[in-house]
$ cat upload-v8.pdb   # PDB, C-alpha atoms and all ligand atoms
ATOM      1  CA  MET A   1     -15.713  24.529 -11.127
ATOM      2  CA  GLU A   2     -19.279  23.921 -12.240
ATOM      3  CA  GLN A   3     -18.131  23.425 -15.805
ATOM      4  CA  ALA A   4     -16.145  20.381 -14.742
ATOM      5  CA  PHE A   5     -19.322  18.575 -13.706
ATOM      6  CA  ARG A   6     -21.363  19.217 -16.867
ATOM      7  CA  PHE A   7     -21.297  16.715 -19.681
ATOM      8  CA  SER A   8     -23.027  16.653 -23.051
ATOM      9  CA  LEU A   9     -24.565  13.300 -23.871
ATOM     10  CA  PRO A  10     -24.755  11.999 -27.451
ATOM     11  CA  ASP A  11     -28.434  13.016 -27.751
ATOM     12  CA  ARG A  12     -27.489  16.610 -26.777
ATOM     13  CA  ARG A  13     -28.929  16.441 -23.314
ATOM     14  CA  VAL A  14     -26.603  18.006 -20.773
ATOM     15  CA  LEU A  15     -25.872  16.102 -17.606
ATOM     16  CA  ARG A  16     -25.083  18.167 -14.524
ATOM     17  CA  LEU A  17     -23.468  16.413 -11.611
ATOM     18  CA  ALA A  18     -23.402  17.885  -8.134
ATOM     19  CA  ARG A  19     -20.065  16.229  -7.464
ATOM     20  CA  PRO A  20     -17.229  14.825  -9.542
ATOM     21  CA  CYS A  21     -17.984  11.368 -10.973
ATOM     22  CA  ARG A  22     -17.096   8.950  -8.207
ATOM     23  CA  PHE A  23     -16.552   6.141 -10.632
ATOM     24  CA  PHE A  24     -13.516   8.059 -11.825
ATOM     25  CA  HIS A  25     -12.369   9.082  -8.357
ATOM     26  CA  PRO A  26     -13.719   6.409  -6.120
ATOM     27  CA  PRO A  27     -12.938   5.331  -2.639
ATOM     28  CA  GLY A  28     -12.934   1.544  -2.502
ATOM     29  CA  SER A  29     -10.739  -1.486  -2.019
ATOM     30  CA  PHE A  30      -8.718  -4.455  -3.488
ATOM     31  CA  LEU A  31      -5.913  -6.175  -5.222
ATOM     32  CA  VAL A  32      -3.881  -9.219  -5.435
ATOM     33  CA  THR A  33      -1.406 -11.885  -6.079
ATOM     34  CA  ASN A  34       0.246 -15.008  -7.198
ATOM     35  CA  THR A  35       0.584 -17.906  -4.884
ATOM     36  CA  ALA A  36       2.875 -16.559  -2.240
ATOM     37  CA  PRO A  37       3.642 -12.989  -1.297
ATOM     38  CA  ILE A  38       5.793 -11.818  -4.169
ATOM     39  CA  THR A  39       9.203 -10.371  -3.498
ATOM     40  CA  ALA A  40      10.282  -7.142  -5.164
ATOM     41  CA  GLU A  41      12.876  -9.195  -7.071
ATOM     42  CA  GLU A  42      10.245 -11.553  -8.486
ATOM     43  CA  LEU A  43       8.023  -8.660  -9.447
ATOM     44  CA  ASN A  44      10.815  -7.222 -11.539
ATOM     45  CA  ARG A  45      11.626 -10.401 -13.432
ATOM     46  CA  PRO A  46      10.757 -10.412 -17.179
ATOM     47  CA  GLY A  47       7.947 -12.980 -16.777
ATOM     48  CA  ALA A  48       6.101 -10.602 -14.489
ATOM     49  CA  ALA A  49       4.349  -9.213 -17.575
ATOM     50  CA  ASP A  50       1.319 -11.408 -16.838
ATOM     51  CA  LEU A  51       0.554  -9.268 -13.817
ATOM     52  CA  ALA A  52      -2.175  -6.674 -14.322
ATOM     53  CA  ALA A  53      -0.967  -4.583 -11.390
ATOM     54  CA  ARG A  54       1.874  -4.585  -8.922
ATOM     55  CA  ALA A  55       2.835  -3.026  -5.629
ATOM     56  CA  GLN A  56       6.566  -3.032  -5.009
ATOM     57  CA  ASP A  57       7.767  -2.495  -1.457
ATOM     58  CA  VAL A  58       4.880  -0.112  -0.778
ATOM     59  CA  SER A  59       4.546   1.581   2.579
ATOM     60  CA  LYS A  60       1.886   4.069   3.590
ATOM     61  CA  VAL A  61       2.212   6.063   6.771
ATOM     62  CA  TYR A  62      -0.475   8.398   8.066
ATOM     63  CA  GLY A  63       0.222  11.153  10.595
ATOM     64  CA  SER A  64       3.354  11.667  12.661
ATOM     65  CA  GLY A  65       4.577  11.483  16.242
ATOM     66  CA  ASP A  66       2.023   9.916  18.571
ATOM     67  CA  ALA A  67      -0.559   9.888  15.743
ATOM     68  CA  ARG A  68       1.706   7.967  13.342
ATOM     69  CA  VAL A  69       0.002   4.924  11.776
ATOM     70  CA  VAL A  70       1.754   2.501   9.440
ATOM     71  CA  ALA A  71      -1.194   1.395   7.271
ATOM     72  CA  LEU A  72       0.961  -0.532   4.759
ATOM     73  CA  ASP A  73       4.290  -1.971   5.808
ATOM     74  CA  HIS A  74       6.573  -2.810   2.833
ATOM     75  CA  VAL A  75       3.924  -4.628   0.796
ATOM     76  CA  SER A  76       5.014  -6.331  -2.438
ATOM     77  CA  VAL A  77       2.222  -8.023  -4.301
ATOM     78  CA  GLY A  78       1.224  -8.786  -7.884
ATOM     79  CA  ILE A  79      -2.254  -9.117  -9.322
ATOM     80  CA  PRO A  80      -2.440 -11.846 -11.944
ATOM     81  CA  ARG A  81      -4.144 -10.968 -15.183
ATOM     82  CA  GLY A  82      -7.441 -12.703 -15.929
ATOM     83  CA  ARG A  83      -8.019 -13.844 -12.359
ATOM     84  CA  PHE A  84     -10.521 -12.971  -9.631
ATOM     85  CA  THR A  85      -8.719 -11.996  -6.445
ATOM     86  CA  ALA A  86     -10.272 -11.227  -3.074
ATOM     87  CA  ILE A  87      -8.620  -9.216  -0.316
ATOM     88  CA  MET A  88      -9.547  -9.992   3.237
ATOM     89  CA  GLY A  89      -8.266  -9.151   6.683
ATOM     90  CA  PRO A  90      -9.402  -7.724   9.998
ATOM     91  CA  SER A  91     -10.743  -4.193  10.263
ATOM     92  CA  GLY A  92      -7.855  -1.746  10.093
ATOM     93  CA  SER A  93      -5.493  -4.244   8.455
ATOM     94  CA  GLY A  94      -4.929  -1.976   5.432
ATOM     95  CA  LYS A  95      -7.287  -3.390   2.780
ATOM     96  CA  SER A  96      -8.747  -0.049   1.724
ATOM     97  CA  THR A  97      -5.386   1.674   1.876
ATOM     98  CA  LEU A  98      -3.854  -0.987  -0.356
ATOM     99  CA  MET A  99      -6.718  -0.689  -2.840
ATOM    100  CA  HIS A 100      -6.540   3.101  -2.867
ATOM    101  CA  CYS A 101      -2.797   3.013  -3.489
ATOM    102  CA  MET A 102      -3.063   0.285  -6.160
ATOM    103  CA  ALA A 103      -5.852   2.132  -7.984
ATOM    104  CA  GLY A 104      -4.049   5.472  -7.917
ATOM    105  CA  LEU A 105      -6.559   7.036  -5.548
ATOM    106  CA  ASP A 106      -4.015   7.697  -2.818
ATOM    107  CA  SER A 107      -0.283   8.355  -2.800
ATOM    108  CA  VAL A 108       2.246   5.968  -1.277
ATOM    109  CA  SER A 109       4.840   7.011   1.317
ATOM    110  CA  SER A 110       7.459   4.842  -0.392
ATOM    111  CA  GLY A 111       7.624   2.110  -3.015
ATOM    112  CA  GLN A 112       6.071   1.817  -6.462
ATOM    113  CA  VAL A 113       2.683   0.895  -7.898
ATOM    114  CA  LEU A 114       2.261  -0.212 -11.502
ATOM    115  CA  ILE A 115      -0.832  -0.806 -13.632
ATOM    116  CA  GLY A 116       0.530  -2.912 -16.473
ATOM    117  CA  ASP A 117       3.861  -1.284 -17.213
ATOM    118  CA  VAL A 118       2.847   2.212 -16.135
ATOM    119  CA  GLU A 119       4.220   3.377 -12.815
ATOM    120  CA  LEU A 120       1.389   5.303 -11.162
ATOM    121  CA  THR A 121       3.656   6.742  -8.546
ATOM    122  CA  ARG A 122       5.403   8.832 -11.230
ATOM    123  CA  LEU A 123       2.300  10.309 -12.878
ATOM    124  CA  ASP A 124       0.988  13.830 -12.341
ATOM    125  CA  ASP A 125      -2.691  14.291 -11.395
ATOM    126  CA  LYS A 126      -3.884  14.804 -14.952
ATOM    127  CA  ARG A 127      -2.256  11.648 -16.295
ATOM    128  CA  LEU A 128      -3.394   9.693 -13.261
ATOM    129  CA  THR A 129      -7.018  10.765 -13.825
ATOM    130  CA  ARG A 130      -6.785   9.749 -17.473
ATOM    131  CA  LEU A 131      -5.263   6.399 -16.593
ATOM    132  CA  ARG A 132      -8.028   5.681 -14.074
ATOM    133  CA  ARG A 133     -10.643   6.647 -16.626
ATOM    134  CA  ASP A 134      -9.190   4.662 -19.511
ATOM    135  CA  ARG A 135      -7.679   1.594 -17.889
ATOM    136  CA  ILE A 136      -9.413   0.930 -14.571
ATOM    137  CA  GLY A 137     -13.015   0.009 -13.747
ATOM    138  CA  PHE A 138     -14.566   0.585 -10.332
ATOM    139  CA  VAL A 139     -17.529  -0.979  -8.542
ATOM    140  CA  PHE A 140     -18.609   0.413  -5.174
ATOM    141  CA  GLN A 141     -20.745  -0.735  -2.317
ATOM    142  CA  ALA A 142     -23.136   2.137  -3.074
ATOM    143  CA  PHE A 143     -24.028   1.669  -6.718
ATOM    144  CA  ASN A 144     -23.356   5.319  -7.674
ATOM    145  CA  LEU A 145     -25.690   5.354 -10.669
ATOM    146  CA  VAL A 146     -27.020   8.617 -12.090
ATOM    147  CA  PRO A 147     -30.753   8.549 -11.237
ATOM    148  CA  THR A 148     -31.929  10.547 -14.264
ATOM    149  CA  LEU A 149     -30.278   8.247 -16.796
ATOM    150  CA  THR A 150     -31.485   4.872 -18.051
ATOM    151  CA  ALA A 151     -29.541   1.688 -17.351
ATOM    152  CA  LEU A 152     -27.974   1.804 -20.810
ATOM    153  CA  GLU A 153     -27.032   5.488 -20.462
ATOM    154  CA  ASN A 154     -25.422   4.757 -17.103
ATOM    155  CA  ILE A 155     -23.440   1.908 -18.624
ATOM    156  CA  THR A 156     -22.034   4.034 -21.445
ATOM    157  CA  LEU A 157     -21.655   7.273 -19.437
ATOM    158  CA  PRO A 158     -17.913   6.986 -18.720
ATOM    159  CA  MET A 159     -17.248   6.465 -22.425
ATOM    160  CA  ASP A 160     -19.614   9.290 -23.383
ATOM    161  CA  ILE A 161     -17.771  11.623 -21.032
ATOM    162  CA  ALA A 162     -14.433  10.479 -22.427
ATOM    163  CA  GLY A 163     -15.724  11.051 -25.975
ATOM    164  CA  ARG A 164     -15.237   7.398 -26.882
ATOM    165  CA  LYS A 165     -17.657   5.265 -28.872
ATOM    166  CA  PRO A 166     -18.567   1.973 -27.215
ATOM    167  CA  ASP A 167     -17.567  -1.198 -29.055
ATOM    168  CA  ARG A 168     -21.099  -2.367 -29.938
ATOM    169  CA  GLU A 169     -20.289  -6.058 -29.993
ATOM    170  CA  TRP A 170     -18.502  -5.940 -26.653
ATOM    171  CA  LEU A 171     -21.283  -3.880 -25.114
ATOM    172  CA  ASP A 172     -23.816  -6.496 -26.244
ATOM    173  CA  THR A 173     -21.695  -9.235 -24.680
ATOM    174  CA  VAL A 174     -21.499  -7.368 -21.381
ATOM    175  CA  ILE A 175     -25.234  -6.584 -21.347
ATOM    176  CA  ASP A 176     -26.139 -10.200 -22.043
ATOM    177  CA  THR A 177     -23.691 -11.477 -19.440
ATOM    178  CA  VAL A 178     -25.225  -9.309 -16.722
ATOM    179  CA  GLY A 179     -28.723 -10.286 -17.910
ATOM    180  CA  LEU A 180     -29.969  -6.723 -18.363
ATOM    181  CA  ARG A 181     -31.187  -6.840 -21.957
ATOM    182  CA  ASP A 182     -34.847  -6.250 -21.007
ATOM    183  CA  ARG A 183     -34.054  -3.538 -18.438
ATOM    184  CA  LEU A 184     -31.940  -1.155 -20.501
ATOM    185  CA  ARG A 185     -34.559   1.601 -20.668
ATOM    186  CA  HIS A 186     -35.320   1.501 -16.952
ATOM    187  CA  ARG A 187     -34.030   4.150 -14.584
ATOM    188  CA  PRO A 188     -32.213   3.082 -11.389
ATOM    189  CA  SER A 189     -35.313   3.667  -9.216
ATOM    190  CA  GLU A 190     -37.150   1.113 -11.374
ATOM    191  CA  LEU A 191     -34.526  -1.569 -10.749
ATOM    192  CA  SER A 192     -33.848  -3.822  -7.765
ATOM    193  CA  GLY A 193     -30.625  -3.371  -5.783
ATOM    194  CA  GLY A 194     -29.099  -6.403  -7.458
ATOM    195  CA  GLN A 195     -30.046  -5.111 -10.904
ATOM    196  CA  GLN A 196     -28.572  -1.691 -10.073
ATOM    197  CA  GLN A 197     -25.310  -3.292  -9.014
ATOM    198  CA  ARG A 198     -25.284  -5.317 -12.224
ATOM    199  CA  VAL A 199     -25.651  -2.030 -14.136
ATOM    200  CA  ALA A 200     -22.680  -0.700 -12.158
ATOM    201  CA  CYS A 201     -20.685  -3.840 -13.021
ATOM    202  CA  ALA A 202     -21.578  -3.465 -16.710
ATOM    203  CA  ARG A 203     -20.482   0.189 -16.527
ATOM    204  CA  ALA A 204     -17.133  -0.880 -15.071
ATOM    205  CA  LEU A 205     -16.615  -3.495 -17.795
ATOM    206  CA  ALA A 206     -18.014  -1.676 -20.836
ATOM    207  CA  SER A 207     -14.765   0.063 -21.723
ATOM    208  CA  ARG A 208     -12.740  -3.172 -21.346
ATOM    209  CA  PRO A 209     -10.547  -1.927 -18.495
ATOM    210  CA  GLU A 210      -7.333  -3.746 -17.716
ATOM    211  CA  ILE A 211      -8.441  -4.223 -14.145
ATOM    212  CA  VAL A 212     -11.595  -3.753 -12.085
ATOM    213  CA  PHE A 213     -11.414  -2.806  -8.410
ATOM    214  CA  ALA A 214     -14.559  -3.773  -6.508
ATOM    215  CA  ASP A 215     -15.079  -2.341  -3.039
ATOM    216  CA  GLU A 216     -17.447  -4.510  -0.984
ATOM    217  CA  PRO A 217     -19.685  -4.837  -4.081
ATOM    218  CA  THR A 218     -22.250  -6.957  -2.251
ATOM    219  CA  GLY A 219     -22.232  -4.965   0.987
ATOM    220  CA  ASN A 220     -25.647  -3.400   0.275
ATOM    221  CA  LEU A 221     -27.315  -6.475  -1.203
ATOM    222  CA  ASP A 222     -29.325  -9.359   0.202
ATOM    223  CA  SER A 223     -27.640 -12.738  -0.130
ATOM    224  CA  ARG A 224     -29.524 -13.737  -3.292
ATOM    225  CA  SER A 225     -28.755 -10.487  -5.147
ATOM    226  CA  GLY A 226     -25.195 -10.637  -3.851
ATOM    227  CA  ALA A 227     -24.820 -14.139  -5.282
ATOM    228  CA  GLU A 228     -26.067 -12.876  -8.671
ATOM    229  CA  VAL A 229     -23.532 -10.069  -8.732
ATOM    230  CA  LEU A 230     -20.684 -12.311  -7.593
ATOM    231  CA  GLY A 231     -21.675 -14.908 -10.176
ATOM    232  CA  PHE A 232     -21.533 -12.232 -12.838
ATOM    233  CA  LEU A 233     -18.138 -10.955 -11.671
ATOM    234  CA  ARG A 234     -16.801 -14.496 -11.714
ATOM    235  CA  SER A 235     -18.156 -15.202 -15.194
ATOM    236  CA  SER A 236     -16.634 -11.959 -16.495
ATOM    237  CA  VAL A 237     -13.284 -13.377 -15.361
ATOM    238  CA  ARG A 238     -13.867 -16.903 -16.667
ATOM    239  CA  GLU A 239     -15.605 -16.041 -19.927
ATOM    240  CA  MET A 240     -14.253 -12.613 -20.817
ATOM    241  CA  GLY A 241     -10.789 -12.786 -19.284
ATOM    242  CA  GLN A 242     -11.392  -9.791 -17.009
ATOM    243  CA  THR A 243      -9.051  -9.107 -14.082
ATOM    244  CA  ILE A 244     -10.934  -8.319 -10.871
ATOM    245  CA  VAL A 245      -9.782  -7.432  -7.383
ATOM    246  CA  MET A 246     -12.432  -7.345  -4.678
ATOM    247  CA  VAL A 247     -12.239  -6.264  -1.071
ATOM    248  CA  THR A 248     -14.749  -8.080   1.077
ATOM    249  CA  HIS A 249     -15.467  -9.000   4.690
ATOM    250  CA  ASP A 250     -17.633 -11.948   3.633
ATOM    251  CA  PRO A 251     -16.039 -15.419   3.373
ATOM    252  CA  ALA A 252     -18.933 -16.548   1.124
ATOM    253  CA  ALA A 253     -18.107 -13.712  -1.300
ATOM    254  CA  ALA A 254     -14.387 -14.501  -1.171
ATOM    255  CA  ALA A 255     -15.244 -18.097  -2.148
ATOM    256  CA  TYR A 256     -16.200 -16.830  -5.638
ATOM    257  CA  SER A 257     -12.616 -15.714  -6.200
ATOM    258  CA  ASP A 258      -9.650 -17.696  -7.524
ATOM    259  CA  LEU A 259      -7.317 -16.408  -4.876
ATOM    260  CA  VAL A 260      -7.634 -14.752  -1.470
ATOM    261  CA  LEU A 261      -4.976 -12.410  -0.159
ATOM    262  CA  PHE A 262      -4.976 -11.909   3.611
ATOM    263  CA  LEU A 263      -3.717  -8.713   5.205
ATOM    264  CA  SER A 264      -2.923  -8.081   8.844
ATOM    265  CA  ASP A 265      -1.297  -5.023  10.397
ATOM    266  CA  GLY A 266      -0.437  -3.618   6.973
ATOM    267  CA  ARG A 267       1.332  -6.738   5.785
ATOM    268  CA  VAL A 268       0.436  -9.594   3.443
ATOM    269  CA  VAL A 269       0.387 -12.540   5.819
ATOM    270  CA  ASP A 270      -1.198 -15.349   3.817
ATOM    271  CA  GLN A 271      -2.883 -16.330   0.577
ATOM    272  CA  MET A 272      -5.277 -19.095  -0.420
ATOM    273  CA  GLY A 273      -5.957 -20.579  -3.835
ATOM    274  CA  ASP A 274      -9.314 -22.229  -4.675
ATOM    275  CA  PRO A 275     -10.974 -20.835  -1.554
ATOM    276  CA  THR A 276     -14.151 -22.131   0.024
ATOM    277  CA  ALA A 277     -16.238 -20.127   2.498
ATOM    278  CA  GLU A 278     -15.368 -22.633   5.238
ATOM    279  CA  LYS A 279     -11.615 -22.447   4.655
ATOM    280  CA  VAL A 280     -11.649 -18.638   4.496
ATOM    281  CA  LEU A 281     -13.744 -18.395   7.664
ATOM    282  CA  GLU A 282     -11.366 -20.739   9.437
ATOM    283  CA  ARG A 283      -8.358 -18.648   8.365
ATOM    284  CA  MET A 284     -10.054 -15.424   9.444
ATOM    285  CA  LYS A 285     -10.686 -16.855  12.925
ATOM    286  CA  GLY A 286      -6.920 -16.956  13.369
ATOM    287  CA  PHE A 287      -6.792 -13.164  13.164
ATOM    288  CA  ASP A 288      -8.997 -12.826  16.237
ATOM    289  CA  ARG A 289      -6.182 -14.117  18.412
ATOM    290  CA  PRO A 290      -3.446 -11.572  19.107
ATOM    291  CA  GLY A 291      -0.084 -12.580  17.649
ATOM    292  CA  SER A 292      -1.582 -15.221  15.359
ATOM    293  CA  ASP A 293      -0.967 -13.492  12.036
ATOM    294  CA  ALA A 294       1.419 -15.742  10.298
TER     295      ALA A 294
HETATM  296  N1  LIG A 301      -6.667   9.107   6.484
HETATM  297  C1  LIG A 301      -6.171   8.408   7.497
HETATM  298  N2  LIG A 301      -5.510   9.034   8.486
HETATM  299  C2  LIG A 301      -4.971   8.339   9.520
HETATM  300  N3  LIG A 301      -5.036   6.987   9.627
HETATM  301  C3  LIG A 301      -5.679   6.317   8.661
HETATM  302  C4  LIG A 301      -6.276   6.984   7.548
HETATM  303  N4  LIG A 301      -6.847   6.046   6.751
HETATM  304  C5  LIG A 301      -6.620   4.854   7.328
HETATM  305  N5  LIG A 301      -5.915   5.015   8.481
HETATM  306  C6  LIG A 301      -5.463   3.947   9.383
HETATM  307  O1  LIG A 301      -4.719   3.015   8.596
HETATM  308  C7  LIG A 301      -5.002   1.680   9.017
HETATM  309  C8  LIG A 301      -5.533   0.878   7.840
HETATM  310  O2  LIG A 301      -6.809   1.396   7.493
HETATM  311  P1  LIG A 301      -7.682   0.775   6.304
HETATM  312  O3  LIG A 301      -8.904   1.617   6.165
HETATM  313  O4  LIG A 301      -6.827   0.593   5.111
HETATM  314  O5  LIG A 301      -8.073  -0.663   6.868
HETATM  315  P2  LIG A 301      -9.178  -1.712   6.341
HETATM  316  O6  LIG A 301      -8.556  -3.050   6.445
HETATM  317  O7  LIG A 301      -9.696  -1.301   5.033
HETATM  318  O8  LIG A 301     -10.297  -1.561   7.454
HETATM  319  P3  LIG A 301     -11.896  -1.815   7.384
HETATM  320  O9  LIG A 301     -12.071  -3.281   7.087
HETATM  321  O10 LIG A 301     -12.365  -1.457   8.754
HETATM  322  O11 LIG A 301     -12.458  -0.936   6.314
HETATM  323  C9  LIG A 301      -5.986   1.804  10.175
HETATM  324  O12 LIG A 301      -5.255   1.772  11.378
HETATM  325  C10 LIG A 301      -6.613   3.156   9.976
HETATM  326  O13 LIG A 301      -7.039   3.711  11.190
END
$ encode --input "upload-v8.pdb" --output "structure tokens" --more "lines below"
Ligand SMILES: Nc1ncnc2c1ncn2[C@@H]1O[C@H](COP(=O)(O)OP(=O)(O)OP(=O)(O)O)[C@@H](O)[C@H]1O
Amino acid sequence: MEQAFRFSLPDRRVLRLARPCRFFHPPGSFLVTNTAPITAEELNRPGAADLAARAQDVSKVYGSGDARVVALDHVSVGIPRGRFTAIMGPSGSGKSTLMHCMAGLDSVSSGQVLIGDVELTRLDDKRLTRLRRDRIGFVFQAFNLVPTLTALENITLPMDIAGRKPDREWLDTVIDTVGLRDRLRHRPSELSGGQQQRVACARALASRPEIVFADEPTGNLDSRSGAEVLGFLRSSVREMGQTIVMVTHDPAAAAYSDLVLFLSDGRVVDQMGDPTAEKVLERMKGFDRPGSDA
């Protein structure tokens, strides 16, 4: 087992991790969509190729008998490529479950999940791990940086572990976009929370993943640092064409997105393009009243 958590870095140092790398096997949240909840038929049409990820008629049921919980109830949703999508909804509405299923971190009870054209629900564990490593980026509420490595080493770690050389030009673009050029030799303890999260964002983007799942990325940050990180995520979408899905409880954070997907009781109940914090807050108030989902 121990062998699995030891990695040789390019300079021959050996990194030992107490646990598996969480940025490959993360718990988190998000996803998203076009303008209205997408039907399984629409998801299958030829033009659906501009979707970075899709859930088709996905249900997820936990437990059985009296303990049975339907966390996702026949969800069909597409995540448009090159857009910033936020997922919101009341506690227990299924946001994390949807993200875990979309990112291949949890199995579905029925239905299909695709990243690009690859159906995750058909892959064995080994292929699924490789797909997550090579095609998906993750950002978590806890930054999950390796404390003994510098900012730059943290950013390139997933590629070092995968034995891939970073694309120098792209790496420079990412580093400049997150504004970390003069902090690359610092260790995480020498960086502010906002800077650490920007390192984590750069790590997620450095390998040019098809999609980034961000799980409450500003949950541990003060509002100013949170705004920096959200501004960076948004510019990575606008300027670099990245696809990002973010789960958040914060209407101000959702306002940075292009599109908000609302979940309630395991179903997609609404969506909002060009969101503002006020409009999102107003929509969320509707969920406080029983029976006011739709
Ligand atoms: N492992 C599990 N076993 C049993 N029930 C679960 C499990 N995980 C989630 N659930 C249930 O599934 C439903 C959806 O949970 P989920 O965590 O996806 O909601 P959420 O919208 O992310 O909530 P929050 O905003 O509080 O994080 C809830 O009723 C939850 O209790």
$ closest_residue --input "upload-v8.pdb" --among "A:Arg122, A:His74, A:Arg54, A:Lys60" --to "Arg267 in chain A" --atoms "all atoms listed in the file"
A:His74
$ closest_residue --input "upload-v8.pdb" --among "A:Ala103, A:Leu72, A:Ala86, A:Val280" --to "Phe138 in chain A" --atoms "all atoms listed in the file"
A:Ala103
$ resolve_selection --input "upload-v8.pdb" --expression "the PyMOL selection byres (((chain A and resi 208-223) around 7) and not hetatm)" --output "PyMOL selection string"
chain A and resi 28-30+52+134-142+193-194+204-207+224-227+242-248
$ atom_distance --input "upload-v8.pdb" --atom1 "CA of Gly92 in chain A" --atom2 "atom N5 of ligand LIG 301 (chain A)"
7.2 Å
$ residues_near_point --input "upload-v8.pdb" --point "(-30.1, 6.8, -17.8)" --cutoff "10 Å" --atoms "all atoms listed in the file" --output "list in words"
Leu145, Val146, Pro147, Thr148, Leu149, Thr150, Ala151, Leu152, Glu153, Asn154, Ile155, Thr156, Leu157, Leu184, Arg185, His186, Arg187 and Pro188 of chain A
$ resolve_selection --input "upload-v8.pdb" --expression "the PyMOL selection byres (((not hetatm)) within 9 of (chain A and resi 301))" --output "JSON, numbers by chain"
{"A": [28, 29, 60, 61, 62, 63, 67, 68, 69, 70, 71, 72, 88, 89, 90, 91, 92, 93, 94, 95, 96, 97, 98, 99, 100, 247, 248, 249, 263, 264, 265, 266]}
$ axis_aligned_box --input "upload-v8.pdb" --around "range 104-109 of chain A" --padding-each-side "8 Å" --output "JSON"
{"center_x": -0.9, "center_y": 6.9, "center_z": -3.3, "size_x": 27.4, "size_y": 18.9, "size_z": 25.2}
$ resolve_selection --input "upload-v8.pdb" --expression "the PyMOL selection byres (((chain A and resi 284) around 12) and not hetatm)" --output "PyMOL selection string"
chain A and resi 87-91+249-251+254+260-264+269-272+277-283+285-289+292-294
$ closest_residue --input "upload-v8.pdb" --among "A:Leu105, A:Val199, A:Met159, A:Ile79" --to "Leu123 in chain A" --atoms "only C-alpha atoms"
A:Leu105
$ atom_distance --input "upload-v8.pdb" --atom1 "CA of Gly104 in chain A" --atom2 "CA of Ser59 in chain A"
14.1 Å
$ atom_distance --input "upload-v8.pdb" --atom1 "CA of Ser64 in chain A" --atom2 "CA of Asp125 in chain A"
24.9 Å
$ residues_near_point --input "upload-v8.pdb" --point "(-9.0, 10.8, -20.1)" --cutoff "6 Å" --atoms "only C-alpha atoms" --output "list in words"
Arg130, Arg133 and Ala162 of chain A
$ closest_residue --input "upload-v8.pdb" --among "A:Glu228, A:Asp106, A:Asp258, A:Asp50" --to "Ser192 in chain A" --atoms "all atoms listed in the file"
A:Glu228
$ closest_residue --input "upload-v8.pdb" --among "A:Ile175, A:Val77, A:Ala53, A:Ala252" --to "Val118 in chain A" --atoms "all atoms listed in the file"
A:Ala53
$ build_atoms --input "upload-v8.pdb" --residues "range 78-91 of chain A" --atoms "N, CA and C atoms" --output "tab-separated table (two decimals), in the frame of the given file"
chain	number	residue	atom	x	y	z
A	78	GLY	N	1.60	-8.89	-6.47
A	78	GLY	CA	1.22	-8.79	-7.88
A	78	GLY	C	-0.19	-9.31	-8.09
A	79	ILE	N	-0.89	-8.70	-9.03
A	79	ILE	CA	-2.25	-9.12	-9.32
A	79	ILE	C	-2.27	-9.81	-10.67
A	80	PRO	N	-2.51	-11.12	-10.67
A	80	PRO	CA	-2.44	-11.85	-11.94
A	80	PRO	C	-3.56	-11.44	-12.90
A	81	ARG	N	-3.18	-11.33	-14.15
A	81	ARG	CA	-4.14	-10.97	-15.18
A	81	ARG	C	-5.15	-12.10	-15.39
A	82	GLY	N	-6.42	-11.71	-15.61
A	82	GLY	CA	-7.44	-12.70	-15.93
A	82	GLY	C	-7.84	-13.58	-14.76
A	83	ARG	N	-7.62	-13.08	-13.56
A	83	ARG	CA	-8.02	-13.84	-12.36
A	83	ARG	C	-8.91	-12.97	-11.48
A	84	PHE	N	-9.63	-13.65	-10.58
A	84	PHE	CA	-10.52	-12.97	-9.63
A	84	PHE	C	-9.86	-13.09	-8.26
A	85	THR	N	-9.43	-11.98	-7.72
A	85	THR	CA	-8.72	-12.00	-6.44
A	85	THR	C	-9.52	-11.27	-5.38
A	86	ALA	N	-9.59	-11.87	-4.20
A	86	ALA	CA	-10.27	-11.23	-3.07
A	86	ALA	C	-9.23	-10.79	-2.05
A	87	ILE	N	-9.49	-9.67	-1.41
A	87	ILE	CA	-8.62	-9.22	-0.32
A	87	ILE	C	-9.41	-9.21	0.97
A	88	MET	N	-8.87	-9.91	1.95
A	88	MET	CA	-9.55	-9.99	3.24
A	88	MET	C	-8.56	-9.67	4.35
A	89	GLY	N	-9.10	-9.43	5.52
A	89	GLY	CA	-8.27	-9.15	6.68
A	89	GLY	C	-9.11	-8.43	7.71
A	90	PRO	N	-8.63	-8.38	8.94
A	90	PRO	CA	-9.40	-7.72	10.00
A	90	PRO	C	-9.58	-6.24	9.70
A	91	SER	N	-10.54	-5.63	10.37
A	91	SER	CA	-10.74	-4.19	10.26
A	91	SER	C	-9.45	-3.47	10.64
